[in-house]
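Peer 1: Below is the file structure_34.cif, with mmCIF, C-alpha atoms and all ligand atoms.
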data_data
loop_
_atom_site.group_PDB
_atom_site.id
_atom_site.type_symbol
_atom_site.label_atom_id
_atom_site.label_comp_id
_atom_site.auth_asym_id
_atom_site.auth_seq_id
_atom_site.Cartn_x
_atom_site.Cartn_y
_atom_site.Cartn_z
ATOM 1 C CA MET A 161 122.063 87.090 119.454
ATOM 2 C CA VAL A 162 120.018 89.833 117.831
ATOM 3 C CA TYR A 163 122.235 92.006 115.649
ATOM 4 C CA ARG A 164 123.072 95.453 117.000
ATOM 5 C CA THR A 165 124.529 98.284 114.991
ATOM 6 C CA VAL A 166 124.518 102.047 114.510
ATOM 7 C CA LEU A 167 122.950 103.487 111.367
ATOM 8 C CA ASP A 168 125.548 104.862 108.972
ATOM 9 C CA ASP A 169 123.889 108.028 107.685
ATOM 10 C CA ALA A 170 125.871 107.978 104.445
ATOM 11 C CA GLN A 171 125.470 104.277 103.661
ATOM 12 C CA GLY A 172 122.077 103.385 105.146
ATOM 13 C CA LEU A 173 121.561 99.875 106.506
ATOM 14 C CA SER A 174 124.588 97.660 105.842
ATOM 15 C CA ALA A 175 124.337 94.352 104.003
ATOM 16 C CA ASP A 176 125.105 92.593 107.322
ATOM 17 C CA ALA A 177 122.274 94.406 109.075
ATOM 18 C CA ARG A 178 119.838 93.547 106.297
ATOM 19 C CA ALA A 179 120.900 89.899 106.333
ATOM 20 C CA ALA A 180 120.501 89.766 110.118
ATOM 21 C CA TYR A 181 117.014 91.276 109.827
ATOM 22 C CA ALA A 182 116.031 88.710 107.203
ATOM 23 C CA ARG A 183 117.322 85.905 109.442
ATOM 24 C CA ASP A 184 116.007 87.085 112.816
ATOM 25 C CA GLY A 185 113.111 89.418 111.936
ATOM 26 C CA VAL A 186 114.527 91.986 114.352
ATOM 27 C CA LEU A 187 117.403 94.441 114.539
ATOM 28 C CA VAL A 188 118.660 96.962 117.122
ATOM 29 C CA LEU A 189 119.903 100.380 115.944
ATOM 30 C CA GLU A 190 121.663 101.902 118.919
ATOM 31 C CA ASP A 191 121.650 105.655 119.629
ATOM 32 C CA PHE A 192 119.242 106.230 116.754
ATOM 33 C CA VAL A 193 117.764 109.350 118.368
ATOM 34 C CA SER A 194 119.378 111.712 120.850
ATOM 35 C CA VAL A 195 118.645 111.967 124.555
ATOM 36 C CA ALA A 196 117.313 115.494 123.903
ATOM 37 C CA GLN A 197 114.859 114.162 121.300
ATOM 38 C CA CYS A 198 113.681 111.513 123.775
ATOM 39 C CA GLN A 199 113.179 114.107 126.492
ATOM 40 C CA ALA A 200 111.236 116.405 124.156
ATOM 41 C CA LEU A 201 108.912 113.574 123.108
ATOM 42 C CA GLN A 202 108.429 112.550 126.726
ATOM 43 C CA ALA A 203 107.535 116.112 127.739
ATOM 44 C CA ARG A 204 105.023 116.362 124.905
ATOM 45 C CA ALA A 205 103.505 112.978 125.833
ATOM 46 C CA LEU A 206 102.886 114.234 129.367
ATOM 47 C CA GLU A 207 101.188 117.350 127.973
ATOM 48 C CA LEU A 208 98.948 115.144 125.831
ATOM 49 C CA VAL A 209 98.050 113.079 128.915
ATOM 50 C CA ALA A 210 97.009 116.249 130.742
ATOM 51 C CA GLU A 211 94.970 117.282 127.690
ATOM 52 C CA HIS A 212 93.282 113.973 126.899
ATOM 53 C CA ALA A 213 93.041 111.842 130.053
ATOM 54 C CA SER A 214 90.146 113.823 131.538
ATOM 55 C CA ARG A 215 88.035 112.842 128.530
ATOM 56 C CA ALA A 216 89.083 109.176 128.648
ATOM 57 C CA PRO A 217 86.190 107.127 130.030
ATOM 58 C CA GLY A 218 88.307 105.083 132.442
ATOM 59 C CA THR A 219 89.140 102.838 129.549
ATOM 60 C CA VAL A 220 91.405 100.034 130.636
ATOM 61 C CA PHE A 221 93.661 98.682 127.933
ATOM 62 C CA SER A 222 94.646 95.089 128.495
ATOM 63 C CA ALA A 223 96.364 92.965 125.903
ATOM 64 C CA ARG A 224 95.063 89.905 127.761
ATOM 65 C CA ASP A 225 91.495 90.421 126.674
ATOM 66 C CA GLN A 226 89.666 92.437 124.092
ATOM 67 C CA ARG A 227 87.086 94.306 126.155
ATOM 68 C CA HIS A 228 88.419 97.576 124.817
ATOM 69 C CA ALA A 229 87.550 96.489 121.290
ATOM 70 C CA LYS A 230 83.921 97.362 121.851
ATOM 71 C CA ASP A 231 84.721 100.726 123.267
ATOM 72 C CA ALA A 232 83.842 103.652 121.037
ATOM 73 C CA TYR A 233 86.682 105.649 122.554
ATOM 74 C CA PHE A 234 89.169 103.058 121.425
ATOM 75 C CA ALA A 235 87.641 103.033 117.937
ATOM 76 C CA ALA A 236 87.847 106.832 117.703
ATOM 77 C CA SER A 237 91.508 106.741 118.706
ATOM 78 C CA ALA A 238 92.357 104.814 115.517
ATOM 79 C CA ARG A 239 92.687 108.125 113.670
ATOM 80 C CA GLY A 240 92.740 110.342 116.742
ATOM 81 C CA ILE A 241 94.534 110.684 120.067
ATOM 82 C CA GLY A 242 93.289 108.749 123.074
ATOM 83 C CA ALA A 243 94.680 108.083 126.548
ATOM 84 C CA PHE A 244 94.304 104.620 128.079
ATOM 85 C CA PHE A 245 94.730 103.760 131.754
ATOM 86 C CA GLU A 246 96.786 100.996 133.327
ATOM 87 C CA GLU A 247 94.611 98.260 134.828
ATOM 88 C CA GLY A 248 96.333 98.618 138.176
ATOM 89 C CA ALA A 249 95.775 102.372 138.391
ATOM 90 C CA PHE A 250 92.362 102.072 140.105
ATOM 91 C CA ASP A 251 91.311 100.691 143.476
ATOM 92 C CA ALA A 252 88.259 98.460 143.972
ATOM 93 C CA GLN A 253 86.034 101.541 144.128
ATOM 94 C CA GLY A 254 87.326 102.746 140.759
ATOM 95 C CA GLN A 255 89.329 105.628 142.239
ATOM 96 C CA LEU A 256 92.778 106.452 140.868
ATOM 97 C CA GLN A 257 95.445 105.192 143.252
ATOM 98 C CA VAL A 258 98.329 107.066 141.653
ATOM 99 C CA PRO A 259 98.788 110.553 140.139
ATOM 100 C CA LEU A 260 97.381 110.889 136.627
ATOM 101 C CA GLU A 261 100.779 110.982 134.925
ATOM 102 C CA ARG A 262 101.546 107.646 136.634
ATOM 103 C CA ALA A 263 98.202 106.089 135.703
ATOM 104 C CA ILE A 264 98.294 106.052 131.912
ATOM 105 C CA ASN A 265 99.218 102.874 130.009
ATOM 106 C CA LYS A 266 99.494 104.504 126.608
ATOM 107 C CA LEU A 267 98.530 107.215 124.185
ATOM 108 C CA GLY A 268 97.377 106.175 120.716
ATOM 109 C CA HIS A 269 96.994 105.888 117.795
ATOM 110 C CA ALA A 270 97.557 108.803 115.380
ATOM 111 C CA MET A 271 99.868 111.259 117.146
ATOM 112 C CA HIS A 272 102.198 110.896 114.150
ATOM 113 C CA ASP A 273 99.588 112.639 111.995
ATOM 114 C CA LEU A 274 97.924 114.962 114.506
ATOM 115 C CA ASP A 275 100.544 116.325 116.892
ATOM 116 C CA PRO A 276 103.391 118.508 115.561
ATOM 117 C CA VAL A 277 106.031 117.188 118.007
ATOM 118 C CA PHE A 278 105.156 113.557 117.291
ATOM 119 C CA GLN A 279 104.861 114.316 113.563
ATOM 120 C CA ALA A 280 108.422 115.610 113.455
ATOM 121 C CA PHE A 281 109.813 112.726 115.536
ATOM 122 C CA SER A 282 108.097 110.166 113.289
ATOM 123 C CA ARG A 283 109.564 111.328 110.010
ATOM 124 C CA GLY A 284 112.788 112.133 108.261
ATOM 125 C CA PRO A 285 115.478 110.734 105.979
ATOM 126 C CA ARG A 286 117.020 108.429 108.599
ATOM 127 C CA LEU A 287 113.757 106.574 109.202
ATOM 128 C CA GLN A 288 113.190 106.527 105.454
ATOM 129 C CA ALA A 289 116.650 104.970 105.010
ATOM 130 C CA VAL A 290 115.838 102.241 107.542
ATOM 131 C CA ALA A 291 112.503 101.510 105.848
ATOM 132 C CA ASP A 292 114.241 101.340 102.460
ATOM 133 C CA GLY A 293 116.866 98.986 103.862
ATOM 134 C CA LEU A 294 114.189 96.665 105.222
ATOM 135 C CA GLY A 295 112.418 96.526 101.857
ATOM 136 C CA LEU A 296 109.457 98.768 102.729
ATOM 137 C CA ALA A 297 109.450 100.446 99.346
ATOM 138 C CA ASP A 298 106.331 102.561 99.927
ATOM 139 C CA ALA A 299 106.216 102.867 103.724
ATOM 140 C CA ARG A 300 102.905 104.156 105.071
ATOM 141 C CA LEU A 301 102.507 105.018 108.747
ATOM 142 C CA VAL A 302 99.352 103.471 110.146
ATOM 143 C CA GLN A 303 99.731 103.672 113.911
ATOM 144 C CA SER A 304 101.663 105.363 116.697
ATOM 145 C CA MET A 305 101.618 104.561 120.397
ATOM 146 C CA TYR A 306 103.395 106.143 123.333
ATOM 147 C CA ILE A 307 103.710 103.441 125.991
ATOM 148 C CA PHE A 308 104.418 104.454 129.587
ATOM 149 C CA LYS A 309 104.942 101.069 131.271
ATOM 150 C CA GLN A 310 104.457 102.713 134.640
ATOM 151 C CA PRO A 311 106.594 101.798 137.666
ATOM 152 C CA GLY A 312 104.950 99.161 139.823
ATOM 153 C CA ILE A 313 101.707 98.875 137.812
ATOM 154 C CA GLY A 314 102.857 98.682 134.165
ATOM 155 C CA GLY A 315 101.180 95.473 133.014
ATOM 156 C CA GLU A 316 102.595 92.622 130.979
ATOM 157 C CA VAL A 317 101.980 92.266 127.247
ATOM 158 C CA ASN A 318 101.538 88.644 126.233
ATOM 159 C CA CYS A 319 103.401 87.154 123.288
ATOM 160 C CA HIS A 320 101.813 88.309 120.029
ATOM 161 C CA GLN A 321 102.548 89.352 116.442
ATOM 162 C CA ASP A 322 101.781 92.903 115.338
ATOM 163 C CA ALA A 323 100.532 91.666 111.944
ATOM 164 C CA THR A 324 97.555 90.278 113.903
ATOM 165 C CA TYR A 325 96.385 93.872 114.384
ATOM 166 C CA LEU A 326 97.674 95.406 111.129
ATOM 167 C CA TYR A 327 97.042 92.768 108.511
ATOM 168 C CA THR A 328 98.106 93.173 104.883
ATOM 169 C CA GLU A 329 98.422 90.801 101.929
ATOM 170 C CA PRO A 330 101.238 90.024 101.609
ATOM 171 C CA GLN A 331 102.312 90.664 105.235
ATOM 172 C CA SER A 332 104.246 93.931 105.290
ATOM 173 C CA VAL A 333 103.897 95.638 108.680
ATOM 174 C CA VAL A 334 107.138 96.644 110.405
ATOM 175 C CA GLY A 335 107.342 97.876 113.991
ATOM 176 C CA PHE A 336 109.661 100.753 114.933
ATOM 177 C CA TRP A 337 110.152 100.684 118.728
ATOM 178 C CA PHE A 338 112.014 103.640 120.219
ATOM 179 C CA ALA A 339 113.396 103.426 123.755
ATOM 180 C CA ILE A 340 112.450 106.831 125.190
ATOM 181 C CA GLU A 341 113.996 105.641 128.462
ATOM 182 C CA ASP A 342 116.461 102.848 129.217
ATOM 183 C CA ALA A 343 114.701 99.476 128.922
ATOM 184 C CA HIS A 344 115.949 96.492 130.896
ATOM 185 C CA ARG A 345 114.638 93.281 132.444
ATOM 186 C CA SER A 346 113.476 94.859 135.670
ATOM 187 C CA ASN A 347 111.352 97.589 134.067
ATOM 188 C CA GLY A 348 109.824 95.360 131.410
ATOM 189 C CA CYS A 349 111.953 95.602 128.273
ATOM 190 C CA LEU A 350 110.855 94.031 124.998
ATOM 191 C CA GLY A 351 111.527 90.334 124.457
ATOM 192 C CA GLY A 352 111.488 88.729 121.002
ATOM 193 C CA VAL A 353 111.783 85.285 119.447
ATOM 194 C CA PRO A 354 114.431 85.683 116.721
ATOM 195 C CA GLY A 355 113.470 83.697 113.614
ATOM 196 C CA GLY A 356 109.892 83.287 114.841
ATOM 197 C CA HIS A 357 108.701 85.495 111.977
ATOM 198 C CA ARG A 358 109.298 82.614 109.585
ATOM 199 C CA HIS A 359 106.450 80.486 110.970
ATOM 200 C CA GLY A 360 103.436 82.426 109.741
ATOM 201 C CA LEU A 361 100.685 84.484 111.333
ATOM 202 C CA LYS A 362 98.690 82.787 114.079
ATOM 203 C CA GLU A 363 95.773 85.146 114.622
ATOM 204 C CA VAL A 364 94.096 88.104 112.967
ATOM 205 C CA PHE A 365 92.013 90.818 114.657
ATOM 206 C CA ARG A 366 89.246 91.496 112.155
ATOM 207 C CA ARG A 367 86.073 93.519 111.909
ATOM 208 C CA GLN A 368 83.151 91.126 111.511
ATOM 209 C CA ALA A 369 79.985 91.540 109.430
ATOM 210 C CA ASP A 370 78.156 92.784 112.576
ATOM 211 C CA GLY A 371 80.777 95.512 113.067
ATOM 212 C CA THR A 372 82.453 93.981 116.117
ATOM 213 C CA LEU A 373 86.173 93.217 116.230
ATOM 214 C CA ARG A 374 87.313 89.707 117.001
ATOM 215 C CA LEU A 375 90.480 87.634 117.107
ATOM 216 C CA GLU A 376 90.386 84.749 114.627
ATOM 217 C CA GLN A 377 92.785 81.793 114.666
ATOM 218 C CA LEU A 378 94.642 81.268 111.385
ATOM 219 C CA GLN A 379 96.782 78.206 112.121
ATOM 220 C CA ALA A 380 96.507 75.150 114.294
ATOM 221 C CA SER A 381 98.834 76.824 116.764
ATOM 222 C CA ALA A 382 102.136 75.195 117.438
ATOM 223 C CA PRO A 383 103.398 77.159 120.433
ATOM 224 C CA TRP A 384 106.128 79.706 119.820
ATOM 225 C CA ASP A 385 109.589 78.429 120.604
ATOM 226 C CA MET A 386 110.078 80.382 123.805
ATOM 227 C CA GLU A 387 113.471 78.776 124.365
ATOM 228 C CA GLN A 388 114.678 81.161 121.661
ATOM 229 C CA LEU A 389 113.313 84.211 123.502
ATOM 230 C CA GLU A 390 115.859 86.999 123.804
ATOM 231 C CA TRP A 391 115.460 90.009 126.077
ATOM 232 C CA LEU A 392 116.241 93.191 124.169
ATOM 233 C CA GLU A 393 117.737 95.440 126.813
ATOM 234 C CA VAL A 394 118.495 98.789 125.206
ATOM 235 C CA ARG A 395 119.668 102.257 126.112
ATOM 236 C CA GLN A 396 117.552 105.391 125.802
ATOM 237 C CA GLY A 397 117.551 106.488 122.150
ATOM 238 C CA SER A 398 117.851 102.990 120.671
ATOM 239 C CA LEU A 399 115.494 101.869 117.925
ATOM 240 C CA ILE A 400 114.355 98.245 117.653
ATOM 241 C CA VAL A 401 112.870 97.400 114.255
ATOM 242 C CA PHE A 402 110.968 94.177 113.827
ATOM 243 C CA ASN A 403 108.975 92.229 111.287
ATOM 244 C CA GLY A 404 105.214 92.210 111.922
ATOM 245 C CA LEU A 405 105.378 88.417 112.248
ATOM 246 C CA LEU A 406 108.005 88.460 115.030
ATOM 247 C CA PRO A 407 106.569 86.996 118.253
ATOM 248 C CA HIS A 408 107.304 89.466 121.051
ATOM 249 C CA LEU A 409 106.185 90.346 124.566
ATOM 250 C CA SER A 410 107.082 92.308 127.656
ATOM 251 C CA GLU A 411 106.866 91.524 131.340
ATOM 252 C CA PRO A 412 105.211 93.697 133.986
ATOM 253 C CA ASN A 413 107.228 96.609 135.265
ATOM 254 C CA ARG A 414 107.957 95.674 138.868
ATOM 255 C CA SER A 415 110.641 98.337 139.279
ATOM 256 C CA ALA A 416 110.432 101.885 140.578
ATOM 257 C CA GLN A 417 111.389 103.300 137.152
ATOM 258 C CA SER A 418 109.088 103.911 134.214
ATOM 259 C CA ARG A 419 109.927 102.442 130.821
ATOM 260 C CA HIS A 420 108.632 104.862 128.208
ATOM 261 C CA ALA A 421 108.686 103.707 124.595
ATOM 262 C CA TYR A 422 107.291 105.091 121.363
ATOM 263 C CA THR A 423 106.188 102.763 118.602
ATOM 264 C CA LEU A 424 105.370 103.373 114.980
ATOM 265 C CA HIS A 425 103.915 100.799 112.624
ATOM 266 C CA ALA A 426 104.332 101.100 108.872
ATOM 267 C CA VAL A 427 102.915 98.961 106.092
ATOM 268 C CA ASP A 428 103.900 98.773 102.436
ATOM 269 C CA GLY A 429 101.541 100.898 100.353
ATOM 270 C CA ARG A 430 101.779 98.318 97.577
ATOM 271 C CA ALA A 431 100.230 95.585 99.747
ATOM 272 C CA HIS A 432 96.475 95.050 100.021
ATOM 273 C CA TYR A 433 95.123 96.742 103.183
ATOM 274 C CA PRO A 434 91.726 95.152 103.942
ATOM 275 C CA ASP A 435 88.771 97.146 105.201
ATOM 276 C CA SER A 436 88.398 94.607 108.029
ATOM 277 C CA ASN A 437 91.459 96.069 109.812
ATOM 278 C CA TRP A 438 90.555 98.064 112.914
ATOM 279 C CA ILE A 439 92.443 101.166 111.722
ATOM 280 C CA GLN A 440 91.073 102.654 108.509
ATOM 281 C CA PRO A 441 92.287 105.819 106.753
ATOM 282 C CA HIS A 442 88.792 107.423 106.807
ATOM 283 C CA GLY A 443 89.484 109.781 103.935
ATOM 284 C CA ALA A 444 92.952 110.846 105.130
ATOM 285 C CA PRO A 445 95.479 108.652 103.320
ATOM 286 C CA PHE A 446 98.231 107.060 105.412
ATOM 287 C CA THR A 447 101.378 109.190 105.206
ATOM 288 C CA GLY A 448 105.002 108.123 104.778
ATOM 289 C CA PHE A 449 108.340 108.908 106.460
ATOM 290 C CA ALA A 450 109.217 111.754 104.103
HETATM 291 FE FE FE2 B 1 103.467 94.416 119.640
#
Could I get this structure in the form of structure tokens?
Peer 2:
Amino acid sequence: MVYRTVLDDAQGLSADARAAYARDGVLVLEDFVSVAQCQALQARALELVAEHASRAPGTVFSARDQRHAKDAYFAASARGIGAFFEEGAFDAQGQLQVPLERAINKLGHAMHDLDPVFQAFSRGPRLQAVADGLGLADARLVQSMYIFKQPGIGGEVNCHQDATYLYTEPQSVVGFWFAIEDAHRSNGCLGGVPGGHRHGLKEVFRRQADGTLRLEQLQASAPWDMEQLEWLEVRQGSLIVFNGLLPHLSEPNRSAQSRHAYTLHAVDGRAHYPDSNWIQPHGAPFTGFA
């Protein structure tokens, strides 16, 4: 079972928590943020949808293919704020079938640097303490996403490793996944393969010489051991931290409830960050938790 604990503000991450993270590649910190903080972030996310969705060119984000990779809007969102629609939000004629606030798959990918409410949520001594405890000595925030996982149409995310998209040498990316609403099986909670981070990186999403982005295979792929899959049902306010090599996924949201989550990805500033990664600093250095 994935280790669950509450952060001790005076002590930081306990030795048990650190050992469990090393073993499993994932850890749950319950009640890490308050319900009020979750509600404030949610309200701000909806404002950003109202602000940005009208300029989004009907861009469908699907983890099952990489069509969006060629989209200039997606590229600009690397160091900006973009809104991306759910695939199931449109009918065959391309008309929205649901209200706008129910049609968005996610916001990304630099709210942590550009929006004051997200900036404040994404920083502080408690997050710094977690990063320190996990061995991220010089944590640098590279990416933020607000994921709506809409009721009824929130699509599945196939099993993947986040280091595929944020590659460093050595591997250093850590995912910080905040449950902005309760997450359970029926609304598409996160599932992870504890220990799966010890079997290397399978694919890398890299900019090619012609400027396009492509997934490249790195290993003759032994399938992930899905018998080890554990569903990480968590309460609103919980934080799931996981190694960038942890295989993880989520199912479609077939329920009538949304499943909002906020994710941050940090790399170690001491690791090599190649210029073939899709997110580049573009003159504004990646910032830390402080
Ligand atoms: Fe992921």
Peer 1: If we count all atoms listed in the file, what is near Ala196 of chain A at a cut-off of 12 Å, once residues fewer than 2 positions away on the same chain are taken out, given as JSON, numbers by chain?
Peer 2: {"A": [191, 192, 193, 194, 198, 199, 200, 201, 202, 203, 281, 340, 341, 396, 397]}
Peer 1: Residues at most 12 Å from ligand FE2 1 (chain B), using all atoms listed in the file? Could they come as a ChimeraX atom specification?
Peer 2: /A:223,303-305,307,316-326,333-337,350-352,400-410,421-425
Peer 1: I'd like to see the residues matched by the PyMOL selection byres (((chain A and resi 440-443) around 12) and not hetatm) on this file, and ideally I'd get them as a ChimeraX atom specification.
Peer 2: /A:235-240,269-270,273,300-303,325-327,366-367,433-439,444-447
Peer 1: I would like the residues chosen by the PyMOL selection byres (((chain A and resi 344-346) around 8) and not hetatm) on the shown file; could you give them as a PyMOL selection string?
Peer 2: chain A and resi 342-343+347-349+391-394+413-415
Peer 1: Taking only C-alpha atoms into account, which of A:Ala205, A:Leu173, A:Ala297, A:Leu378 comes nearest Val277 of chain A?
Peer 2: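 Ranked by minimum distance to Val277 of chain A, first place goes to A:Ala205.
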